[in-house]
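Since the structure comes first, as structure tokens, the remarks are kept for the end.
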Amino acid sequence: MNKDLQQAVLRLPLVRSVAARRASAAVRVRALLRSLGGAGRRLARLQRDIGALLRIDPVFVAGDAAAFQQGAQRAGLTNRLPQHEKALREHGGRMHLPRFCLCCNETTPMLLDLESSWEDSDGSRIPNWRERLVCSHCGMNNRQRLVAKLVQQAARERAAPRIYLMEQVTPIFQWVRQLPDADVQGSEYLGYQYRGGEAVGGVRHEDVMALSYADASFDLIVSNDVLEHIPDPAAAFQECSRVLRPGGVVLATFPFHTDREGTLVRAKLANGAVEHLHPPQYHGNPVSADGSLVFQDFGWDLLDVMRQAGFSDAACEVYVSDAFGHLGAGLLVFRLRK
Ligand SMILES: [Zn+2]
């Protein structure tokens with residue numbers, strides 16, 4: 001078995017805790033992993049299967065700002081990683097870190113560069129950890145790899161899950177679509193002139209504030225960096241709640257301002273026209289060269305909006321893992337349960 005995979009497996013919390021309790025158990029695990037080596041194709045299949053069995057769990061879960069600050073402090077979350085900053089400088093701002101990709105089930109070179117980086121108060125360039133660390137095999141960045149893996153984990157808890165992603169032309173959608181026994185639907189917002197459910201060149205149009213799906217259609221809804229571009233996020237959460245089955249789950253990411261109690265509304269729709277309350281900001285959009293306008297900078301009051309939309313539970317999960325290439329001050333994934 002690949003040595004890096006062994007290392008990754010040995011770093012798993014379960015294996016680690018076994019080792020901590022009883023050193024001899026860890027020695028047995030190591031011997032077992034060694035004994036699996038050298039069996040060619042069977043080994044590759046085994047590697048895939050082990051990959052599907054590997055789990056990633058949050059380092060902590062927070063339901064409000066105070067819990068987040070406490071968790072972040074305890075976990076030592078930081079975007080300043082001096083060792084990697086130094087290596088990146090020495091490599092001229094572009095390098096690959098070998099890490100275990102939970103989506104490829106192997107150690108792959110992950111691209112770290114200074115795209116979308118920012119300058120810290122001491123003048124250092126800080127990599128955009130969330131959007132970089134792009135796996136050379138699956139092409140997914142730090143955030144995308146995590147979400148894809150979490151979808152797999154959630155899908156495994158259900159028989160023949162129905163999954164809806166608020167995206168369809170992305171590597172995450174392509175990856176999730178290949179999950180065994182899952183019925184996977186996706187859509188993009190293509191423009192106000194289209195009807196919900198209409199297909200344009202093989203791509204389904206949906207407005208997430210007014211989905212065309214029937215009530216209780218899905219077990220799992222996945223929303224990656226979409227909701228900050230929605231004029232009325234409350235309507236989107238209500239729609240998610242409506243089309244979810246009881247016991248269903250939403251996994252959502254978006255830029256979240258952990259220091260902000262109240263959401264900042266940057267823009268709103270008035271009589272069909274966009275009114276800017278703050279200087280407009282745009283993010284990349286896979287189906288439009290114009291990008292997507294940011295309507296809100298979300299703060300902690302968003303969790304109340306989620307709960308009022310029909311979710312019994314809404315919390316922010318924070319993920320960090322050096323072994324799996326999830327570096328930086330934690331990736332935030334919101335999990336909503338109906
Ligand atoms: Zn990968």
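Ligands are numbered from 1 in the order shown, chains are lettered A, B, ... in the order of the structure tokens, and residues start at 1 in each chain.
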
Strand (DSSP E or B) positions in region 100-311 of chain A, given as a VMD selection string: chain A and resid 100 to 101 106 to 113 118 to 119 125 to 126 134 to 135 162 to 165 183 to 186 188 199 to 200 203 to 205 218 to 224 244 to 253 256 264 to 265 267 to 270 273 to 276 282 to 285 288 to 293 296 to 298

Residue subset to file, keeping C-alpha atoms, as a PDB file, in the first residue's frame:
ATOM      1  CA  PHE A 100      -4.338  12.728   0.531  1.00  0.00           C
ATOM      2  CA  CYS A 101      -7.373  13.715  -1.569  1.00  0.00           C
ATOM      3  CA  GLU A 106      -4.851   8.862  -3.101  1.00  0.00           C
ATOM      4  CA  THR A 107      -2.063  11.266  -2.355  1.00  0.00           C
ATOM      5  CA  THR A 108      -1.977  13.867  -5.097  1.00  0.00           C
ATOM      6  CA  PRO A 109      -0.038  17.084  -5.706  1.00  0.00           C
ATOM      7  CA  MET A 110      -2.233  19.971  -4.546  1.00  0.00           C
ATOM      8  CA  LEU A 111      -1.567  23.336  -6.144  1.00  0.00           C
ATOM      9  CA  LEU A 112      -0.897  26.192  -3.753  1.00  0.00           C
ATOM     10  CA  ASP A 113      -0.337  29.626  -5.249  1.00  0.00           C
ATOM     11  CA  TRP A 118      -4.429  38.903   0.411  1.00  0.00           C
ATOM     12  CA  GLU A 119      -1.902  40.988   2.289  1.00  0.00           C
ATOM     13  CA  ARG A 125       0.907  37.505   1.201  1.00  0.00           C
ATOM     14  CA  ILE A 126      -1.547  35.007   2.708  1.00  0.00           C
ATOM     15  CA  VAL A 134      -6.400  22.444  -6.005  1.00  0.00           C
ATOM     16  CA  CYS A 135      -6.046  18.673  -6.411  1.00  0.00           C
ATOM     17  CA  ARG A 162     -32.081  11.705  -3.836  1.00  0.00           C
ATOM     18  CA  ILE A 163     -29.655  14.605  -3.958  1.00  0.00           C
ATOM     19  CA  TYR A 164     -30.105  18.128  -5.365  1.00  0.00           C
ATOM     20  CA  LEU A 165     -27.154  20.439  -5.979  1.00  0.00           C
ATOM     21  CA  ASP A 183     -30.249   9.948  -7.835  1.00  0.00           C
ATOM     22  CA  VAL A 184     -28.436  13.246  -8.379  1.00  0.00           C
ATOM     23  CA  GLN A 185     -30.060  16.374  -9.816  1.00  0.00           C
ATOM     24  CA  GLY A 186     -28.434  19.729 -10.422  1.00  0.00           C
ATOM     25  CA  GLU A 188     -27.887  26.561 -12.598  1.00  0.00           C
ATOM     26  CA  ALA A 199     -33.392  22.588 -19.836  1.00  0.00           C
ATOM     27  CA  VAL A 200     -31.144  24.822 -21.899  1.00  0.00           C
ATOM     28  CA  VAL A 203     -28.458  22.435 -18.247  1.00  0.00           C
ATOM     29  CA  ARG A 204     -31.502  22.741 -15.997  1.00  0.00           C
ATOM     30  CA  HIS A 205     -32.617  26.204 -14.945  1.00  0.00           C
ATOM     31  CA  PHE A 218     -34.924  15.140  -1.766  1.00  0.00           C
ATOM     32  CA  ASP A 219     -32.885  13.659   1.081  1.00  0.00           C
ATOM     33  CA  LEU A 220     -29.964  15.992   0.635  1.00  0.00           C
ATOM     34  CA  ILE A 221     -29.518  19.501  -0.779  1.00  0.00           C
ATOM     35  CA  VAL A 222     -26.097  20.942  -1.514  1.00  0.00           C
ATOM     36  CA  SER A 223     -25.438  24.644  -1.975  1.00  0.00           C
ATOM     37  CA  ASN A 224     -21.892  25.824  -2.624  1.00  0.00           C
ATOM     38  CA  LEU A 244     -36.635  18.216   1.526  1.00  0.00           C
ATOM     39  CA  ARG A 245     -38.070  15.045   2.999  1.00  0.00           C
ATOM     40  CA  PRO A 246     -38.466  14.884   6.788  1.00  0.00           C
ATOM     41  CA  GLY A 247     -35.032  14.035   8.209  1.00  0.00           C
ATOM     42  CA  GLY A 248     -33.383  15.596   5.167  1.00  0.00           C
ATOM     43  CA  VAL A 249     -30.229  17.661   5.340  1.00  0.00           C
ATOM     44  CA  VAL A 250     -28.873  20.783   3.638  1.00  0.00           C
ATOM     45  CA  LEU A 251     -25.100  21.214   3.343  1.00  0.00           C
ATOM     46  CA  ALA A 252     -24.248  24.804   2.501  1.00  0.00           C
ATOM     47  CA  THR A 253     -21.121  26.907   2.119  1.00  0.00           C
ATOM     48  CA  PHE A 256     -19.361  33.853   6.185  1.00  0.00           C
ATOM     49  CA  LEU A 264     -24.855  43.178   5.898  1.00  0.00           C
ATOM     50  CA  VAL A 265     -27.236  43.646   2.979  1.00  0.00           C
ATOM     51  CA  ALA A 267     -27.771  45.046  -2.530  1.00  0.00           C
ATOM     52  CA  LYS A 268     -31.487  44.425  -2.863  1.00  0.00           C
ATOM     53  CA  LEU A 269     -34.079  43.997  -5.580  1.00  0.00           C
ATOM     54  CA  ALA A 270     -36.689  46.761  -5.798  1.00  0.00           C
ATOM     55  CA  ALA A 273     -34.094  46.483 -10.398  1.00  0.00           C
ATOM     56  CA  VAL A 274     -30.939  46.043  -8.310  1.00  0.00           C
ATOM     57  CA  GLU A 275     -30.370  48.743  -5.739  1.00  0.00           C
ATOM     58  CA  HIS A 276     -26.816  48.915  -4.366  1.00  0.00           C
ATOM     59  CA  TYR A 282     -18.919  40.188  -7.831  1.00  0.00           C
ATOM     60  CA  HIS A 283     -17.770  36.559  -7.621  1.00  0.00           C
ATOM     61  CA  GLY A 284     -16.953  34.207 -10.495  1.00  0.00           C
ATOM     62  CA  ASN A 285     -19.942  32.453 -12.077  1.00  0.00           C
ATOM     63  CA  SER A 288     -21.835  33.932 -16.851  1.00  0.00           C
ATOM     64  CA  ALA A 289     -18.746  35.964 -17.738  1.00  0.00           C
ATOM     65  CA  ASP A 290     -20.271  38.942 -15.884  1.00  0.00           C
ATOM     66  CA  GLY A 291     -19.902  37.152 -12.540  1.00  0.00           C
ATOM     67  CA  SER A 292     -22.484  37.090  -9.762  1.00  0.00           C
ATOM     68  CA  LEU A 293     -23.403  40.086  -7.620  1.00  0.00           C
ATOM     69  CA  GLN A 296     -25.254  39.852   1.418  1.00  0.00           C
ATOM     70  CA  ASP A 297     -22.289  39.471   3.723  1.00  0.00           C
ATOM     71  CA  PHE A 298     -23.704  36.833   6.064  1.00  0.00           C
TER      72      PHE A 298
END

- request: Could you give me, as a list of chain:residue names, every polymer residue with an atom at most 7 Å away from an atom of ligand 1, counting only C-alpha atoms and all ligand atoms?
  value: A:Cys101, A:Leu102, A:Cys103, A:Cys104, A:Thr108, A:Cys135, A:Ser136, A:His137, A:Cys138, A:Gly139, A:Met140, A:Arg145

- request: Point out the residue among A:Pro180, A:Pro98, A:Gly262, A:Pro161 with the least atom-to-atom distance to Asp304 (chain A), counting only C-alpha atoms.
  value: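 Once distances to Asp304 (chain A) are computed over only C-alpha atoms, the minimum belongs to A:Gly262.
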
Nearest candidate to Leu77 (chain A) (options A:Val318, A:Leu53, A:Val333, A:Gly325; using only C-alpha atoms):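 Using only C-alpha atoms, Leu77 (chain A) sits closest to A:Val318.
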
query: Using only C-alpha atoms, which of the listed residues (A:Ala210, A:Val243, A:Val287, A:Ala148) sits closest to Tyr189 (chain A)?
result: A:Val287

Against region 319-323 of chain A, which residues of region 145-242 of chain A fall within 12 Å? For each one I want the closest pair of atoms and the distance in Å (one decimal), counting only C-alpha atoms, rows by chain and increasing residue number, as a Markdown table.
| residue | atom | partner | partner_atom | distance |
| --- | --- | --- | --- | --- |
| A:Arg145 | CA | A:Tyr319 | CA | 11.7 |
| A:Leu146 | CA | A:Tyr319 | CA | 8.4 |
| A:Val147 | CA | A:Tyr319 | CA | 10.5 |
| A:Lys149 | CA | A:Tyr319 | CA | 11.9 |
| A:Leu150 | CA | A:Tyr319 | CA | 10.7 |

Prev. selection, C-alpha atoms, output as a PDB file, in the first residue's frame:
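Here's the written file result_35.pdb:
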ATOM      1  CA  ARG A 145     -13.065  18.581  -2.057  1.00  0.00           C
ATOM      2  CA  LEU A 146     -14.464  18.880   1.450  1.00  0.00           C
ATOM      3  CA  VAL A 147     -18.054  19.420   0.312  1.00  0.00           C
ATOM      4  CA  LYS A 149     -16.617  14.214   0.577  1.00  0.00           C
ATOM      5  CA  LEU A 150     -19.331  15.393   3.004  1.00  0.00           C
TER       6      LEU A 150
END

- request: Run DSSP on the backbone and give me the residues of region 98-287 of chain A it puts in helix (DSSP H, G or I), as number ranges by chain.
  value: A: 142-156, 171-177, 227-229, 233-243

Include N, CA, C and O atoms and write out the residues we just selected as a short mmCIF file (atom, residue, chain, number, x, y, z; two decimals), in the first residue's frame.
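Written file, selection.cif:
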data_model
loop_
_atom_site.label_atom_id
_atom_site.label_comp_id
_atom_site.auth_asym_id
_atom_site.auth_seq_id
_atom_site.Cartn_x
_atom_site.Cartn_y
_atom_site.Cartn_z
N ASN A 142 -9.72 23.22 -2.12
CA ASN A 142 -9.89 22.85 -0.71
C ASN A 142 -11.38 22.72 -0.32
O ASN A 142 -11.83 21.67 0.14
N ARG A 143 -12.13 23.79 -0.53
CA ARG A 143 -13.56 23.82 -0.16
C ARG A 143 -14.36 22.78 -0.95
O ARG A 143 -15.19 22.07 -0.38
N GLN A 144 -14.11 22.69 -2.25
CA GLN A 144 -14.90 21.77 -3.08
C GLN A 144 -14.65 20.31 -2.72
O GLN A 144 -15.58 19.50 -2.67
N ARG A 145 -13.38 19.97 -2.45
CA ARG A 145 -13.07 18.58 -2.06
C ARG A 145 -13.78 18.21 -0.77
O ARG A 145 -14.32 17.11 -0.63
N LEU A 146 -13.81 19.17 0.17
CA LEU A 146 -14.46 18.88 1.45
C LEU A 146 -15.96 18.64 1.24
O LEU A 146 -16.52 17.66 1.74
N VAL A 147 -16.60 19.55 0.50
CA VAL A 147 -18.05 19.42 0.31
C VAL A 147 -18.39 18.11 -0.40
O VAL A 147 -19.32 17.39 -0.01
N ALA A 148 -17.61 17.78 -1.45
CA ALA A 148 -17.88 16.54 -2.18
C ALA A 148 -17.81 15.34 -1.23
O ALA A 148 -18.67 14.46 -1.24
N LYS A 149 -16.77 15.32 -0.38
CA LYS A 149 -16.62 14.21 0.58
C LYS A 149 -17.79 14.18 1.56
O LYS A 149 -18.31 13.11 1.89
N LEU A 150 -18.22 15.36 2.04
CA LEU A 150 -19.33 15.39 3.00
C LEU A 150 -20.63 14.91 2.36
O LEU A 150 -21.46 14.28 3.01
N VAL A 151 -20.79 15.18 1.06
CA VAL A 151 -21.98 14.67 0.36
C VAL A 151 -21.92 13.14 0.33
O VAL A 151 -22.91 12.46 0.60
N GLN A 152 -20.73 12.60 0.04
CA GLN A 152 -20.57 11.14 0.02
C GLN A 152 -20.91 10.56 1.40
O GLN A 152 -21.62 9.56 1.50
N GLN A 153 -20.41 11.20 2.44
CA GLN A 153 -20.66 10.68 3.80
C GLN A 153 -22.15 10.71 4.12
O GLN A 153 -22.69 9.77 4.69
N ALA A 154 -22.81 11.81 3.76
CA ALA A 154 -24.24 11.93 4.05
C ALA A 154 -25.04 10.94 3.20
O ALA A 154 -26.01 10.35 3.67
N ALA A 155 -24.60 10.73 1.96
CA ALA A 155 -25.31 9.81 1.07
C ALA A 155 -25.22 8.38 1.58
O ALA A 155 -26.16 7.59 1.44
N ARG A 156 -24.08 8.04 2.17
CA ARG A 156 -23.88 6.67 2.66
C ARG A 156 -24.80 6.33 3.83
O ARG A 156 -24.99 5.16 4.14
N PRO A 171 -17.11 20.71 -11.19
CA PRO A 171 -16.49 19.43 -10.83
C PRO A 171 -17.19 18.73 -9.66
O PRO A 171 -17.23 17.50 -9.65
N ILE A 172 -17.74 19.48 -8.72
CA ILE A 172 -18.43 18.83 -7.59
C ILE A 172 -19.62 18.04 -8.11
O ILE A 172 -19.84 16.90 -7.74
N PHE A 173 -20.41 18.67 -9.01
CA PHE A 173 -21.59 17.96 -9.55
C PHE A 173 -21.15 16.69 -10.26
O PHE A 173 -21.74 15.62 -10.06
N GLN A 174 -20.10 16.79 -11.08
CA GLN A 174 -19.62 15.61 -11.82
C GLN A 174 -19.20 14.51 -10.86
O GLN A 174 -19.45 13.33 -11.10
N TRP A 175 -18.56 14.89 -9.77
CA TRP A 175 -18.08 13.90 -8.81
C TRP A 175 -19.24 13.26 -8.07
O TRP A 175 -19.32 12.03 -7.94
N VAL A 176 -20.18 14.09 -7.59
CA VAL A 176 -21.31 13.58 -6.80
C VAL A 176 -22.20 12.68 -7.67
O VAL A 176 -22.76 11.69 -7.20
N ARG A 177 -22.30 13.03 -8.96
CA ARG A 177 -23.16 12.26 -9.87
C ARG A 177 -22.73 10.80 -9.95
O ARG A 177 -23.51 9.93 -10.31
N LEU A 227 -25.68 31.11 -2.06
CA LEU A 227 -26.72 31.86 -1.32
C LEU A 227 -26.39 33.33 -1.11
O LEU A 227 -27.29 34.15 -0.96
N GLU A 228 -25.08 33.68 -1.13
CA GLU A 228 -24.74 35.10 -0.98
C GLU A 228 -25.16 35.90 -2.21
O GLU A 228 -25.18 37.13 -2.18
N HIS A 229 -25.50 35.17 -3.29
CA HIS A 229 -25.90 35.84 -4.53
C HIS A 229 -27.42 35.89 -4.70
O HIS A 229 -27.92 36.28 -5.75
N PRO A 233 -32.46 35.32 0.71
CA PRO A 233 -32.02 33.99 1.17
C PRO A 233 -33.08 33.27 1.99
O PRO A 233 -33.16 32.05 1.95
N ALA A 234 -33.92 34.02 2.74
CA ALA A 234 -34.97 33.37 3.53
C ALA A 234 -35.88 32.55 2.63
O ALA A 234 -36.26 31.42 2.96
N ALA A 235 -36.22 33.12 1.46
CA ALA A 235 -37.08 32.40 0.51
C ALA A 235 -36.38 31.13 0.02
O ALA A 235 -37.01 30.08 -0.15
N ALA A 236 -35.06 31.22 -0.19
CA ALA A 236 -34.31 30.05 -0.65
C ALA A 236 -34.31 28.95 0.42
O ALA A 236 -34.50 27.78 0.11
N PHE A 237 -34.14 29.35 1.69
CA PHE A 237 -34.14 28.34 2.77
C PHE A 237 -35.53 27.72 2.90
O PHE A 237 -35.66 26.52 3.16
N GLN A 238 -36.59 28.53 2.75
CA GLN A 238 -37.95 27.98 2.82
C GLN A 238 -38.18 26.97 1.69
O GLN A 238 -38.80 25.93 1.90
N GLU A 239 -37.65 27.27 0.52
CA GLU A 239 -37.79 26.34 -0.60
C GLU A 239 -37.02 25.04 -0.33
O GLU A 239 -37.50 23.95 -0.63
N CYS A 240 -35.82 25.18 0.23
CA CYS A 240 -35.04 23.98 0.57
C CYS A 240 -35.83 23.12 1.55
O CYS A 240 -35.91 21.89 1.40
N SER A 241 -36.42 23.77 2.55
CA SER A 241 -37.19 23.04 3.55
C SER A 241 -38.40 22.34 2.90
O SER A 241 -38.70 21.19 3.21
N ARG A 242 -39.03 23.04 1.99
CA ARG A 242 -40.23 22.47 1.33
C ARG A 242 -39.88 21.23 0.51
O ARG A 242 -40.58 20.21 0.59
N VAL A 243 -38.79 21.28 -0.28
CA VAL A 243 -38.50 20.16 -1.18
C VAL A 243 -37.71 19.04 -0.49
O VAL A 243 -37.48 18.00 -1.09
#

query: What does the distance between CA of Arg42 (chain A) and CA of Asp57 (chain A) come to in Å, to one decimal place?
result: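 Here the two named atoms are 28.1 Å from each other.
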